[in-house]
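The next block holds one structure in the form of structure tokens; read it before the comments.
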Amino acid sequence: MISFTITKRSKKSRARLGILKTPHGTVQTPAFVPVATQAAVKALTSEQVMRTKTQILISNTFHLHIRPGEKVVKAGGGIQKFMNLQKPFMTDSGGFQVFSLGFGKDFGMGKILSQKQKQNTSIQVGQQPKLLKITEDGVLFRAYTDGREMFLGPKESIAIQQALGADIILAFDECTSPIADHEYTQRSLEKTHRWAKVCLKAKTSDQALYGIVQGGKFKDLRIESAQFIGGLPFDGFAIGGEFGDNKAIMSKMLRWTIPELPDEKPRHLLGIGYLEDMPKIIAEGVDTFDCIVPTHYARRGVAFTSRGELELSKQKFLNDRAPIDRNCGCEVCQGGYTRSYLTHLLRAKEIAPLTLITIHNLFFFNTYVERLRAAIAQGKL
RNA sequence: GGGCGCUUCGCAUAGCGGCAAUUGCAUCUGGCUGUAGACCAGACGUCUUUAUGACUACGGGGGUUCGAGUCCCUCAGCGCCCA
């Protein structure tokens, strides 16, 4: 089981410092949670992950159920032992895949609508995604590996997550689309709420279980969901779902949601943050948050620096002998790797730069949050 | 000296009478927030009122044809073979 202790509360915002203790280690919060979807931080070995200031990771129920199957992970001693990575772990429930492989894929959009994507269509009650079927009891998926059908509902997800053995597991939910209308979002919410209760009942392990707040961009639904989920005996709370067509709504949404959640329990914001998001969400009282961006962008050749993003595959970096970021303490920046060399490797389609940039990005993100923790300690945030 | 072949948008290619013309690489632009995706999309002759638009273009020149990157002649450069 986990324990969560708040060590300092900001006077300027809802930000707080905390210590999250898990069977596999302690997490200083607020903390960034790198994503290890299929039991790997893509491009990194577990030893490399250990050197990125990573405190806790999140893996995925859906992906590990498809491949290799939770039995293999369990037989391997659980997610940490299987990965040879002794760190606190969370597992996502598969609820995000209800969206990302469903309406998200159908409409070619993420959970935050970009400015260019017009909302001339909406998702309404009764509508189903092309590749999966959402029922009252769960979701019928088709495995992207071999096309076989697989059913994932709250009971199934919890059973899988118990087999995977993470320290913190998540309730099975439906992440709704930014183009879902109010009625669809409401019905979905009610279903997610029913599933939350099923998850609580289904859990027999001593893993921590977080409930997930939904409600999309709708104030009434966010409040309703936060009150409902916040009223259930979860060990912590995650905030999920879509954030409308404007990032400004994200802070508002957190302001609607977080005050309704039990103050003493940890709060996780699912699937956010760019660097610029971090101070905002932390100021609203988020304790942990995961995001694919540092790892995902690294494999596209994008490195994050104190002076912005670098697209390292660009020709202009070929003769730039500076490190990615002079002010970064990571082993890549301190170890003599130049932009020039990384650019060459990227253009030559070598795989080493993907590893090197991933290490840098994770270290950079984790350091960034470390500074935000320091800012809270100093009363600046 | 003789014979054969090649020359297309940065590089490499396709093209065998209807073509502003294929594909790959490169380049540029955009996208990516609980990861299906070491990925996806777009541009890549010039101009413009961005259009079933105009102009200029497949080594140079000339010809055949309603129409030529494509056929013919010729010149140039490159390559191979024979003396």
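Chain labels run A, B, ... following the order of the structure tokens; each chain numbers its residues from 1, and ligands are numbered from 1 in the order shown.
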Residues of chain A within 6 Å of chain B, counting only C-alpha atoms (C1' of nucleotides), as a ChimeraX atom specification: /A:96,270-273,299
Got a sec: who's within 12 Å of Gln86 (chain A), counting only C-alpha atoms (C1' of nucleotides), leaving out chain neighbours fewer than 6 positions off, as a list in words? Thr22, Pro23, His24, Gly25, Thr26, Ser46, Glu47, Val49, Met50, Thr54, Gln55, Ile56, Leu57, Gly77, Gly78, Ile79, Gln80, Ala166 and Asp167 of chain A
Written file, previous selection with C-alpha atoms, as a compact mmCIF listing (two decimals), in the first residue's frame:
# COMPACT_ATOMS: atom_id res chain seq x y z
CA THR A 22 5.16 3.00 -2.15
CA PRO A 23 6.43 -0.55 -1.69
CA HIS A 24 9.04 0.16 -4.37
CA GLY A 25 10.26 3.49 -3.17
CA THR A 26 9.45 7.04 -2.29
CA SER A 46 16.13 0.16 -17.33
CA GLU A 47 19.61 1.22 -16.22
CA VAL A 49 15.96 5.14 -16.91
CA MET A 50 17.56 5.03 -13.47
CA THR A 54 12.85 9.38 -12.78
CA GLN A 55 11.02 8.63 -9.55
CA ILE A 56 7.98 6.74 -10.75
CA LEU A 57 6.70 5.36 -14.05
CA GLY A 77 7.75 -11.27 -10.70
CA GLY A 78 5.55 -8.28 -11.50
CA ILE A 79 6.23 -5.20 -13.55
CA GLN A 80 9.29 -4.03 -11.63
CA ALA A 166 2.19 -1.96 -9.99
CA ASP A 167 2.14 0.05 -6.77
Could you give me, as a VMD selection string, the residues within 9 Å of region 288-298 of chain A, counting only C-alpha atoms (C1' of nucleotides) and dropping anything in the same chain fewer than 2 positions from it? (chain A and resid 29 to 36 41 to 43 57 to 58 238 266 to 274 278 281 to 282 286 300 to 304 353 to 362 364 to 365) or (chain B and resid 32 to 35)
Would you output that residue set with C-alpha atoms (C1' of nucleotides), as a tab-separated table (two decimals), in the first residue's frame?
chain	number	residue	atom	x	y	z
A	29	THR	CA	5.83	15.28	-5.24
A	30	PRO	CA	4.95	17.10	-7.40
A	31	ALA	CA	6.52	14.54	-9.72
A	32	PHE	CA	6.65	13.85	-13.39
A	33	VAL	CA	5.78	10.30	-14.39
A	34	PRO	CA	7.51	9.03	-17.53
A	35	VAL	CA	5.55	6.62	-19.66
A	36	ALA	CA	6.61	3.00	-20.12
A	41	VAL	CA	10.53	3.58	-21.69
A	42	LYS	CA	10.91	3.44	-25.44
A	43	ALA	CA	14.54	3.52	-26.57
A	57	LEU	CA	6.70	5.36	-14.05
A	58	ILE	CA	3.43	4.39	-15.63
A	238	ALA	CA	-6.65	10.79	-11.21
A	266	PRO	CA	-2.73	12.22	-3.88
A	267	ARG	CA	-3.96	13.59	-7.19
A	268	HIS	CA	-2.67	12.54	-10.55
A	269	LEU	CA	-3.31	14.42	-13.77
A	270	LEU	CA	-3.42	11.99	-16.65
A	271	GLY	CA	-1.49	12.67	-19.80
A	272	ILE	CA	-0.33	16.23	-19.27
A	273	GLY	CA	2.43	18.02	-19.55
A	274	TYR	CA	4.48	20.06	-21.73
A	278	MET	CA	3.76	22.10	-15.35
A	281	ILE	CA	-1.13	22.28	-13.08
A	282	ILE	CA	1.08	22.16	-10.00
A	286	VAL	CA	-1.69	18.32	-8.94
A	300	ARG	CA	11.14	12.56	-33.55
A	301	GLY	CA	14.49	14.23	-32.96
A	302	VAL	CA	13.13	16.99	-30.73
A	303	ALA	CA	15.17	17.91	-27.67
A	304	PHE	CA	13.89	20.20	-24.94
A	353	PRO	CA	20.34	9.33	-30.94
A	354	LEU	CA	16.81	8.31	-30.02
A	355	THR	CA	18.20	6.85	-26.82
A	356	LEU	CA	20.45	9.82	-26.14
A	357	ILE	CA	17.72	12.41	-26.68
A	358	THR	CA	15.26	10.39	-24.61
A	359	ILE	CA	17.73	10.33	-21.73
A	360	HIS	CA	18.24	14.06	-22.06
A	361	ASN	CA	14.54	14.89	-22.33
A	362	LEU	CA	13.58	12.80	-19.31
A	364	PHE	CA	15.39	17.70	-18.37
A	365	PHE	CA	11.71	17.21	-17.51
B	32	C	C1'	2.01	15.11	-32.07
B	33	U	C1'	-0.08	16.05	-24.10
B	34	G	C1'	-3.19	8.56	-19.50
B	35	U	C1'	2.13	6.18	-26.88
Looking only at the backbone, which of the residues in region 5-169 of chain A does DSSP tag as alpha helix (DSSP H), as a PyMOL selection string? chain A and resi 46-50+61-66+70-75+79-83+95-98+104-106+154-164
Between CA of Ala39 (chain A) and CA of Glu156 (chain A), what distance in Å does the model show, to one decimal?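 Here the two named atoms are 19.1 Å from each other.
Here CA of Gly76 (chain A) and CA of Glu149 (chain A) stand 25.4 Å from one another.
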C1' of C11 (chain B) to C1' of C25 (chain B) measures 7.7 Å
Identify, on the basis of only C-alpha atoms (C1' of nucleotides), every residue whose closest approach to Arg255 (chain A) does not exceed 9 Å; exclude the query and any residue fewer than 4 positions from it along the same chain; express the result as number ranges by chain. A: 250-251, 259, 284-285
